[in-house]
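Student: My questions will all concern the structure given below.
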Amino acid sequence: MIHRFADCELDEDRHEFRRSGRLLPLEPQVFDLLCLFLRAPGALVTRDQIVAEIWQNRIVSEAAISSRINALRRALGDTGKAQAVLATVPRRGFRLMAEVTTERAPASSPLPKPAPQRIRFARSRDGTALAWTTTGSGPPLLRAGHFLTHLEYDWQSPIWHPFLDHLGRHFSVTRYDQRTTGLSAEANGPVTLDTLVQDLEAVADAAGLDRFPVLAASQGVPVSIAFAARHPDRITRLVLYGGYAQGRALRQTPEDRDRADAILTLIREGWGRRSVAFATAFAALYAPDADHAQIEDLVRLQLASATPEAAVNLRRAIDGFDVTAMLAAVRCPTLVLHGRDDAVQPLEQSRLIAARIPGAEFHLLESRNHIPLRQDPAWQDLMARAIDFLSEP
């Protein structure tokens, strides 16, 4: 959604705020606070509402609330004395005074041309060459490798570039293509949980990351859990999205086995083909709310990422991962996120992860997309939760 008021504009999907046409950075909680006011212009927003929405009902001091309000007023060009845009209602809360117009952003609105990125190679223990890059600015963040990536293609993708660009406004994001995919080399042997953990370690070492947080999605989740359990001194925080602890091949439900067979059949029969039937079936699983341009992008990415044979072999391997015995050994702060109606990985797997990692937080996203889409209302929720959690000291 795009909101315009006074001389300001806020784009929720791009997480951008402008005043007098100038792009200004906002801290995640300040951005979310402004979104809260914009959804109810002219209405009283109480301090209890602010605590519930911004701090999820955690105990928070008056000084913390005042600090965010003051930061928001500075961004708006307002002051506590003038209160031309944001007015204080004594002992009650606050009210946005400006008239607001709101419109829905197009699903695939044009993106600015991405800045160049420097791609380098690391060597895993068995000698496999792994392509990696770091983009953005700020404290370090490692994005774990997962199924279906290509460093160069993702950087231009209407699906992945908004995701990477958004993270890059807050962090220096190191990411890599896992072995057999994208720009990385074919594996020298079988793809196993151990080799993928070693790949993550090799990239972290090559990027000069000693202690660092990890953002992992889907198949990158069990790999990151295993790394955190084995190297508790290196991981500071974990954000785990749409993942699993036990692969489909090891789960006992007929639904899981049927879903695994269906995905393998899809890959064998239609990987990289532009047939309407395949593209529709693949999108229905991974991104049911994708628009036409995004579906086309997913199909193009398939062959850019891996051959059909490599994709089938990788899918079989990751369906056999099991890190349930390692969950209790994870000691870093962990946030687990999952879409309510994700058709690729079942919600129960993320519940299992959150229940067994000591002190883990769990947040349910109101979404059916396994691949995060910019036009999905849950996209903003995902990004805000992840960035806030990763930004905590």
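FYI, nothing fancy with the structure tokens labels: chains A, B, ... in order, residues from 1 per chain, ligands from 1 as they appear.
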Write out as a PyMOL selection string the residues lying within 10 Å of stretch 187-201 of chain A, counting only C-alpha atoms and excluding same-chain residues fewer than 3 positions away.

Tutor: chain A and resi 122-130+142-146+175-181+184+204-207+209+220+222-228+230-231+234+310+313-318+320-323

Student: Pull the helix (DSSP H, G or I) assignments for stretch 145-352 of chain A out of DSSP run on the backbone, and list those residues as a ChimeraX atom specification.

Tutor: /A:151-156,160-168,193-206,220-230,248-250,254-270,276-286,292-305,308-318,324-329,347-352

Student: Between A:Ala71, A:Ile387, A:Asp319, A:Leu240, which residue has the minimum interatomic distance to A:Arg351, considering only C-alpha atoms?

Tutor: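 Smallest separation from A:Arg351 among the options: A:Leu240.
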
Student: Find the residue from A:Arg104, A:Arg237, A:Arg257, A:His292 that sits nearest to A:Pro393; use only C-alpha atoms when measuring.

Tutor: A:Arg237

Student: Can you list every residue in stretch 132-341 of chain A that DSSP puts in strand (DSSP E or B), as a PyMOL selection string?

Tutor: chain A and resi 132-136+140-143+172-176+212-217+235-241+246+322+334-339

Student: Residues of the last selection are to be written out with C-alpha atoms, as a PDB file, in the first residue's frame.

Tutor:
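The resulting file, again_39.pdb, is reproduced below:
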ATOM      1  CA  TRP A 132      28.911 -16.053  -2.854  1.00  0.00           C
ATOM      2  CA  THR A 133      28.417 -12.300  -2.650  1.00  0.00           C
ATOM      3  CA  THR A 134      27.711  -9.578  -0.095  1.00  0.00           C
ATOM      4  CA  THR A 135      25.338  -6.675  -0.799  1.00  0.00           C
ATOM      5  CA  GLY A 136      23.728  -3.933   1.271  1.00  0.00           C
ATOM      6  CA  PRO A 140      26.454  -8.676   8.857  1.00  0.00           C
ATOM      7  CA  LEU A 141      23.709 -11.166   8.038  1.00  0.00           C
ATOM      8  CA  LEU A 142      24.160 -14.552   6.368  1.00  0.00           C
ATOM      9  CA  ARG A 143      21.311 -15.825   4.219  1.00  0.00           C
ATOM     10  CA  SER A 172      25.334  -6.399   4.823  1.00  0.00           C
ATOM     11  CA  VAL A 173      23.759  -9.564   3.418  1.00  0.00           C
ATOM     12  CA  THR A 174      26.047 -12.449   2.455  1.00  0.00           C
ATOM     13  CA  ARG A 175      24.334 -15.098   0.353  1.00  0.00           C
ATOM     14  CA  TYR A 176      25.474 -18.024  -1.779  1.00  0.00           C
ATOM     15  CA  PHE A 212      26.871 -13.564  12.864  1.00  0.00           C
ATOM     16  CA  PRO A 213      23.078 -13.972  12.570  1.00  0.00           C
ATOM     17  CA  VAL A 214      21.495 -16.264   9.984  1.00  0.00           C
ATOM     18  CA  LEU A 215      18.283 -15.888   7.994  1.00  0.00           C
ATOM     19  CA  ALA A 216      17.156 -19.246   6.597  1.00  0.00           C
ATOM     20  CA  ALA A 217      14.146 -20.324   4.570  1.00  0.00           C
ATOM     21  CA  ILE A 235      25.649 -17.894  15.562  1.00  0.00           C
ATOM     22  CA  THR A 236      24.179 -14.859  17.357  1.00  0.00           C
ATOM     23  CA  ARG A 237      20.568 -15.105  16.145  1.00  0.00           C
ATOM     24  CA  LEU A 238      18.454 -17.333  13.901  1.00  0.00           C
ATOM     25  CA  VAL A 239      15.417 -16.393  11.814  1.00  0.00           C
ATOM     26  CA  LEU A 240      13.799 -19.526  10.370  1.00  0.00           C
ATOM     27  CA  TYR A 241      11.058 -19.095   7.772  1.00  0.00           C
ATOM     28  CA  GLN A 246      12.222 -33.619   9.490  1.00  0.00           C
ATOM     29  CA  ASP A 322      16.348 -34.792  10.027  1.00  0.00           C
ATOM     30  CA  THR A 334      15.578 -17.857  17.509  1.00  0.00           C
ATOM     31  CA  LEU A 335      12.514 -16.559  15.654  1.00  0.00           C
ATOM     32  CA  VAL A 336      10.395 -19.092  13.754  1.00  0.00           C
ATOM     33  CA  LEU A 337       7.964 -17.842  11.075  1.00  0.00           C
ATOM     34  CA  HIS A 338       5.558 -19.857   8.943  1.00  0.00           C
ATOM     35  CA  GLY A 339       2.645 -19.183   6.604  1.00  0.00           C
TER      36      GLY A 339
END

Student: Near A:Gln29, within 8 Å and counting only C-alpha atoms, which residues show up once chain neighbours fewer than 4 positions away are dropped, as number ranges by chain?

Tutor: A: 33, 54, 68, 388

Student: Output the selection as a tab-separated table (two decimals), in the first residue's frame - N, CA and C atoms for each residue.

Tutor:
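The result, stored in result.tsv:
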chain	number	residue	atom	x	y	z
A	33	LEU	N	5.34	1.95	13.42
A	33	LEU	CA	4.51	2.90	14.16
A	33	LEU	C	3.78	3.84	13.21
A	54	ILE	N	3.47	-2.86	18.20
A	54	ILE	CA	4.90	-2.65	17.95
A	54	ILE	C	5.76	-3.56	18.81
A	68	ARG	N	10.44	6.47	20.27
A	68	ARG	CA	9.97	6.15	18.91
A	68	ARG	C	9.05	7.25	18.39
A	388	ASP	N	13.26	-6.55	12.87
A	388	ASP	CA	13.22	-6.14	14.28
A	388	ASP	C	13.98	-7.14	15.15

Student: Calculated over only C-alpha atoms, which of the candidates A:Val203, A:Ala304, A:Arg211, A:Gly77 has the smallest distance to A:Tyr153?

Tutor: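 Of A:Val203, A:Ala304, A:Arg211, A:Gly77, the one nearest A:Tyr153, counting only C-alpha atoms, is A:Ala304.
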
Student: Skip A:Asp256 itself and residues of its chain fewer than 6 positions away, then list as a ChimeraX atom specification all residues within 10 Å of it, counting only C-alpha atoms.

Tutor: /A:247-250,262,344-346

Student: Looking at A:Asp233, A:Thr149, A:Asp341, A:Leu365, which one is nearest to A:Pro377, with distances taken over only C-alpha atoms?

Tutor: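 Between A:Asp233, A:Thr149, A:Asp341, A:Leu365, the residue approaching A:Pro377 most closely is A:Leu365.
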
Student: Counting only C-alpha atoms, figure out which residue out of A:Leu167, A:Leu301, A:Leu86, A:Ala115 gets nearest to A:Pro139.

Tutor: A:Leu167

Student: With only C-alpha atoms as the atoms that count, which of A:Arg19, A:His370, A:Arg91, A:Arg340 lies nearest to A:Pro288?

Tutor: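 Among the listed residues, the smallest separation from A:Pro288 belongs to A:His370.
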